[in-house]
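Heads up: the structure comes next, in structure tokens.
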Amino acid sequence: MNLRQKLLVPLLALSLALGAYLHLVWIPHSLQLAERAHVQMVERHLDSVVESLLPLLLGNLLADIHGNLGPLQRKNPEWVGLRLVDHHGRQLYPLLDKAPLVLAGDGASRILLRRPIHYLGTEHGQLEVLVDLREFRAAALARHHELLMLQLGMLLAVTLALALILEFAVIRPARRLAVASAALARRHFHVALPAAGSGEIGSLVGSFAAMRRDLEAYHADLQHEIEVRKRAEASLRDQQEHLEELVAARTRELADAQGQLLQSEKMASIGQLAAGVAHEINNPVGFVTSNLGTLKEYVGTLLELAEACRAGQADEAAFRRLEFDYIRDDVVALLRESQEGLDRVKKIVANLKSFSHVGESEWLEADLNAGVESALSVAWHELKYKTEVVREYGTLPPVPCIAAQINQVVLNLLVNAAQAIETQGRITVRTGCDDAWAWIEVADTGRGMPPDVQKRIFDPFFTTKPVGQGTGLGLSISYDIVRKHGGRIDVHSVPGEGSTFRIWLPLAGQPPATV
């Protein structure tokens with residue numbers, strides 16, 4: 001949209017808006033006010049007529065009443081009906097040579113006005129007038145339309161005058177300045193400019209001319225500087241080749257150092273994991289060991305009873321003395337508890353094997369829900385004391401990935417979520433998918449993070465934990481694993497309310513060469 005359109009279109013729109021307002025709002029409102037004033041004038045007229053009729057009505061001077069009301073109705077042609085009745089409801093005007101006259105308004109073009117005739121607190125009759133407002137409304141509407149056309153005509157004339165002034169005073173000089181600017185962009189410094197006047201456009205033309213002179217001088221200096229820099233670049237090119245060799249060697253050293261740091265973080269994670277798993281296994285092994293000690297004592301007692309039975313020396317008193325009934329019931333309970341403890345150990349080992357996917361280091365289609373469940377089992381030692389874990393798993397298709405690495409990412413997020421909760425809180429684990437992506441979400445009700453911390457959480461070595469409690473590589477490694485799987489990690493956190501991490505993994509596509 002050019003300058004002319006930018007200025008004229010709002011003016012035309014303003015004209016249309018003003019015309020619409022006058023036609024739709026102002027004219028109807030003005031007509032209503034005029035009609036209300038006209039009706040009030042008629043009512044005042046009727047009040048004066050009632051005052052003049054009162055003596056005639058009291059004197060029962062019907063001829064005088066007709067002599068006054070007849071010319072009055074002819075003088076006011078909009079009074080299409082006029083009727084006078086006395087206090088008994090008897091019609092006095094017009095005369096009762098016909099059926100009684102009934103007047104009624106239609107609510108639109110005709111209105112019925114009634115004026116009671118009172119004297120000393122007693123009603124002596126009523127004057128009824130049916131007023132037709134159509135001619136009044138037509139005349140008022142015609143006057144308002146004339147005024148509307150006059151206002152719109154004046155606004156249009158002002159718009160056209162502004163358009164002409166704009167064309168010759170602004171648009172044409174601005175167009176010539178635009179041509180000169182385009183030429184200046186092509187480094188043509190001698191295109192003719194419009195004549196500089198004394199107004200704002202003249203000042204703009206003068207400023208443009210001064211700017212063009214400065215640019216021409218700057219262009220000449222720049223060409224000279226380019227030549228100098230070309231000679232300097234030729235000198236630096238030789239040094240760059242040597243620097244590239246040094247940078248490549250330094251890069252290899254940094255890569256080796258980074259690999260060692262990543263391996264250190266993995267070993268720290270393995271150590272923490274081993275401690276938690278050992279604690280989880282120690283509990284069932286402890287009470288199984290205790291049960292075996294008790295069972296050893298019970299077995300000795302039972303063998304003693306068996307020897308007595310073989311020798312024929314056992315009686316009911318011996319069974320009661322050795323509490324045979326109690327031992328029989330307790331042995332069953334001890335065996336059941338020991339079996340449950342061994343099942344727990346078996347389950348922990350199975351979950352650990354499922355979590356690590358021993359023997360699987362290739363890209364395979366994996367069940368993410370099962371992987372999340374195994375990560376929860378492995379991290380349970382970190383979670384069970386102060387968190388409530390809520391599972392909201394969706395239905396997921398097999399997802400191509402290296403399951404052990406994705407499980408490690410989920411474990412890192414679960415441990416971080418638990419450490420973000422100071423006393424008691426909730427961790428919600430969700431999974432789901434759409435047409436192209438599968439996702440795993442870990443949300444906690446912990447401390448949350450301010451925006452400046454959120455920007456740095458994936459940076460290597462950045463940590464908010466106290467010295468000695470974190471290396472700052474857990475989230476960095478997780479981010480790197482997910483990125484190499486072709487996915488991403490989204491973070492949403494509010495201080496004091498908690499954090500939500502969502503891992504996105506593609507459902508289709510070729511695995512990267514190295515993950």
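Letters for chains follow the order of the structure tokens (A, B, ...), residue numbers begin at 1 for each chain, and ligand numbers begin at 1 in the order shown.
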
- For A:Pro450: contacts at 10 Å, only C-alpha atoms, fewer than 2 positions along chain excluded, given as number ranges by chain: A: 447-448, 452-455, 493-496

Please write the residues from the selection above to a file, keeping C-alpha atoms, as a CSV table (one decimal), in the first residue's frame.
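Once everything was written out, this is result-v9.csv:
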```
chain,number,residue,atom,x,y,z
A,447,ARG,CA,11.5,-26.5,43.9
A,448,GLY,CA,11.3,-25.6,40.3
A,452,ASP,CA,18.2,-18.1,34.1
A,453,VAL,CA,18.8,-21.6,35.5
A,454,GLN,CA,16.5,-23.2,32.8
A,455,LYS,CA,18.7,-21.7,30.1
A,493,SER,CA,9.5,-25.1,35.2
A,494,VAL,CA,7.9,-22.6,37.7
A,495,PRO,CA,9.8,-21.7,40.9
A,496,GLY,CA,8.0,-23.2,43.9
```

Residues of stretch 481-500 of chain A that have any atom at most 8 Å from an atom of stretch 399-418 of chain A: could you tabulate them with the shortest-distance atom pair and the distance in Å to one decimal, using only C-alpha atoms, ordered by chain and increasing number, as JSON lines?
```
{"residue": "A:Ile481", "atom": "CA", "partner": "A:Gln405", "partner_atom": "CA", "distance": 7.0}
{"residue": "A:Val482", "atom": "CA", "partner": "A:Ile406", "partner_atom": "CA", "distance": 7.5}
{"residue": "A:His485", "atom": "CA", "partner": "A:Cys401", "partner_atom": "CA", "distance": 6.8}
{"residue": "A:Ser499", "atom": "CA", "partner": "A:Ala417", "partner_atom": "CA", "distance": 7.9}
```

File of the preceding selection, N, CA, C and O atoms, as a short mmCIF file (atom, residue, chain, number, x, y, z; two decimals), in the first residue's frame:
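Heads up, here's the output in selection08.cif:
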```cif
data_model
loop_
_atom_site.label_atom_id
_atom_site.label_comp_id
_atom_site.auth_asym_id
_atom_site.auth_seq_id
_atom_site.Cartn_x
_atom_site.Cartn_y
_atom_site.Cartn_z
N ILE A 481 22.21 -37.78 24.29
CA ILE A 481 21.63 -39.06 23.86
C ILE A 481 20.35 -38.82 23.06
O ILE A 481 20.15 -39.39 21.98
N VAL A 482 19.45 -37.99 23.58
CA VAL A 482 18.18 -37.74 22.89
C VAL A 482 18.41 -37.05 21.55
O VAL A 482 17.77 -37.37 20.54
N HIS A 485 19.45 -39.43 18.98
CA HIS A 485 18.33 -40.26 18.55
C HIS A 485 17.37 -39.50 17.63
O HIS A 485 16.35 -40.05 17.23
N SER A 499 8.82 -28.84 38.11
CA SER A 499 9.39 -28.86 36.77
C SER A 499 8.81 -30.04 35.99
O SER A 499 8.41 -31.05 36.56
#
```

- In stretch 421-501 of chain A, DSSP helix (DSSP H, G or I) residues written as number ranges by chain: A: 451-454, 474-484

- From the list A:Glu388, A:Glu441, A:Asp459, A:Asp315, which residue is nearest A:Gln424 when using only C-alpha atoms? A:Glu388

- Task: Skip stretch 39-46 of chain A itself and residues of its chain fewer than 3 positions away, then list as a VMD selection string all residues within 9 Å of it, counting only C-alpha atoms.
- Result: chain A and resid 34 to 36 49 to 51 113 to 115 127 129 131

Those residues you just picked out, can you put them in a file as an mmCIF file, in the first residue's frame with all heavy atoms?
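Final output, saved to out-v2.cif:
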```cif
data_model
loop_
_atom_site.group_PDB
_atom_site.id
_atom_site.type_symbol
_atom_site.label_atom_id
_atom_site.label_comp_id
_atom_site.auth_asym_id
_atom_site.auth_seq_id
_atom_site.Cartn_x
_atom_site.Cartn_y
_atom_site.Cartn_z
ATOM 1 N N ALA A 34 -37.351 14.516 17.621
ATOM 2 C CA ALA A 34 -38.277 15.465 16.983
ATOM 3 C C ALA A 34 -39.726 15.013 17.148
ATOM 4 O O ALA A 34 -40.629 15.821 17.405
ATOM 5 C CB ALA A 34 -37.923 15.607 15.506
ATOM 6 N N GLU A 35 -39.953 13.682 16.977
ATOM 7 C CA GLU A 35 -41.321 13.172 17.132
ATOM 8 C C GLU A 35 -41.810 13.333 18.552
ATOM 9 O O GLU A 35 -42.973 13.697 18.796
ATOM 10 C CB GLU A 35 -41.333 11.696 16.722
ATOM 11 C CG GLU A 35 -42.717 11.075 16.779
ATOM 12 C CD GLU A 35 -42.698 9.648 16.274
ATOM 13 O OE1 GLU A 35 -42.001 9.380 15.281
ATOM 14 O OE2 GLU A 35 -43.392 8.809 16.881
ATOM 15 N N ARG A 36 -40.916 13.098 19.528
ATOM 16 C CA ARG A 36 -41.307 13.265 20.926
ATOM 17 C C ARG A 36 -41.656 14.725 21.218
ATOM 18 O O ARG A 36 -42.644 15.024 21.904
ATOM 19 C CB ARG A 36 -40.165 12.789 21.822
ATOM 20 C CG ARG A 36 -40.562 12.684 23.293
ATOM 21 C CD ARG A 36 -39.411 12.187 24.151
ATOM 22 N NE ARG A 36 -38.999 10.866 23.725
ATOM 23 C CZ ARG A 36 -37.791 10.586 23.281
ATOM 24 N NH1 ARG A 36 -36.873 11.541 23.234
ATOM 25 N NH2 ARG A 36 -37.467 9.357 22.917
ATOM 26 N N VAL A 49 -56.940 23.353 24.649
ATOM 27 C CA VAL A 49 -58.297 23.115 24.129
ATOM 28 C C VAL A 49 -59.214 22.664 25.258
ATOM 29 O O VAL A 49 -60.371 23.090 25.356
ATOM 30 C CB VAL A 49 -58.241 22.074 22.980
ATOM 31 C CG1 VAL A 49 -59.647 21.659 22.565
ATOM 32 C CG2 VAL A 49 -57.495 22.644 21.798
ATOM 33 N N VAL A 50 -58.698 21.787 26.134
ATOM 34 C CA VAL A 50 -59.502 21.298 27.264
ATOM 35 C C VAL A 50 -59.914 22.464 28.149
ATOM 36 O O VAL A 50 -61.066 22.539 28.621
ATOM 37 C CB VAL A 50 -58.705 20.236 28.042
ATOM 38 C CG1 VAL A 50 -59.350 19.961 29.394
ATOM 39 C CG2 VAL A 50 -58.600 18.953 27.249
ATOM 40 N N GLU A 51 -59.017 23.409 28.399
ATOM 41 C CA GLU A 51 -59.353 24.566 29.247
ATOM 42 C C GLU A 51 -60.469 25.403 28.608
ATOM 43 O O GLU A 51 -61.354 25.927 29.289
ATOM 44 C CB GLU A 51 -58.104 25.413 29.475
ATOM 45 C CG GLU A 51 -57.058 24.728 30.342
ATOM 46 C CD GLU A 51 -55.825 25.591 30.532
ATOM 47 O OE1 GLU A 51 -55.804 26.716 29.976
ATOM 48 O OE2 GLU A 51 -54.882 25.146 31.219
ATOM 49 N N LEU A 113 -54.269 10.158 21.857
ATOM 50 C CA LEU A 113 -54.042 11.005 23.028
ATOM 51 C C LEU A 113 -55.379 11.265 23.720
ATOM 52 O O LEU A 113 -56.379 11.598 23.065
ATOM 53 C CB LEU A 113 -53.391 12.334 22.622
ATOM 54 C CG LEU A 113 -52.055 12.230 21.877
ATOM 55 C CD1 LEU A 113 -51.569 13.622 21.484
ATOM 56 C CD2 LEU A 113 -51.024 11.535 22.747
ATOM 57 N N ARG A 114 -55.380 11.076 25.030
ATOM 58 C CA ARG A 114 -56.598 11.304 25.824
ATOM 59 C C ARG A 114 -56.309 12.387 26.864
ATOM 60 O O ARG A 114 -55.293 12.354 27.530
ATOM 61 C CB ARG A 114 -57.037 10.027 26.534
ATOM 62 C CG ARG A 114 -57.563 8.949 25.598
ATOM 63 C CD ARG A 114 -58.134 7.781 26.436
ATOM 64 N NE ARG A 114 -58.741 6.765 25.599
ATOM 65 C CZ ARG A 114 -58.113 5.699 25.125
ATOM 66 N NH1 ARG A 114 -56.832 5.539 25.430
ATOM 67 N NH2 ARG A 114 -58.750 4.822 24.391
ATOM 68 N N ARG A 115 -57.264 13.339 26.995
ATOM 69 C CA ARG A 115 -57.147 14.406 27.980
ATOM 70 C C ARG A 115 -58.461 14.493 28.776
ATOM 71 O O ARG A 115 -59.520 14.853 28.241
ATOM 72 C CB ARG A 115 -56.865 15.764 27.313
ATOM 73 C CG ARG A 115 -55.427 15.914 26.868
ATOM 74 C CD ARG A 115 -54.541 15.939 28.099
ATOM 75 N NE ARG A 115 -53.152 16.112 27.767
ATOM 76 C CZ ARG A 115 -52.314 15.138 27.508
ATOM 77 N NH1 ARG A 115 -52.765 13.891 27.543
ATOM 78 N NH2 ARG A 115 -51.054 15.381 27.243
ATOM 79 N N LEU A 127 -61.516 14.266 26.256
ATOM 80 C CA LEU A 127 -61.242 14.613 24.857
ATOM 81 C C LEU A 127 -60.225 13.606 24.316
ATOM 82 O O LEU A 127 -59.158 13.403 24.896
ATOM 83 C CB LEU A 127 -60.670 16.034 24.763
ATOM 84 C CG LEU A 127 -60.347 16.515 23.334
ATOM 85 C CD1 LEU A 127 -61.634 16.623 22.504
ATOM 86 C CD2 LEU A 127 -59.640 17.871 23.395
ATOM 87 N N VAL A 129 -58.028 12.330 20.863
ATOM 88 C CA VAL A 129 -57.515 12.764 19.558
ATOM 89 C C VAL A 129 -56.622 11.655 18.999
ATOM 90 O O VAL A 129 -55.716 11.175 19.686
ATOM 91 C CB VAL A 129 -56.713 14.081 19.678
ATOM 92 C CG1 VAL A 129 -56.151 14.479 18.315
ATOM 93 C CG2 VAL A 129 -57.580 15.185 20.249
ATOM 94 N N VAL A 131 -53.829 11.032 16.339
ATOM 95 C CA VAL A 131 -52.867 11.844 15.587
ATOM 96 C C VAL A 131 -52.117 10.937 14.606
ATOM 97 O O VAL A 131 -51.563 9.901 14.995
ATOM 98 C CB VAL A 131 -51.871 12.534 16.538
ATOM 99 C CG1 VAL A 131 -50.896 13.404 15.747
ATOM 100 C CG2 VAL A 131 -52.628 13.377 17.569
#
```

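Atom CA of A:Ala438 to atom CA of A:Ala366 spans 11.7 Å [interatomic distance, one decimal].
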
- Message: Can you tell me, as a count of residues only, which residues in stretch 364-484 of chain A count as strand (DSSP E or B) by DSSP?
- Response: 29
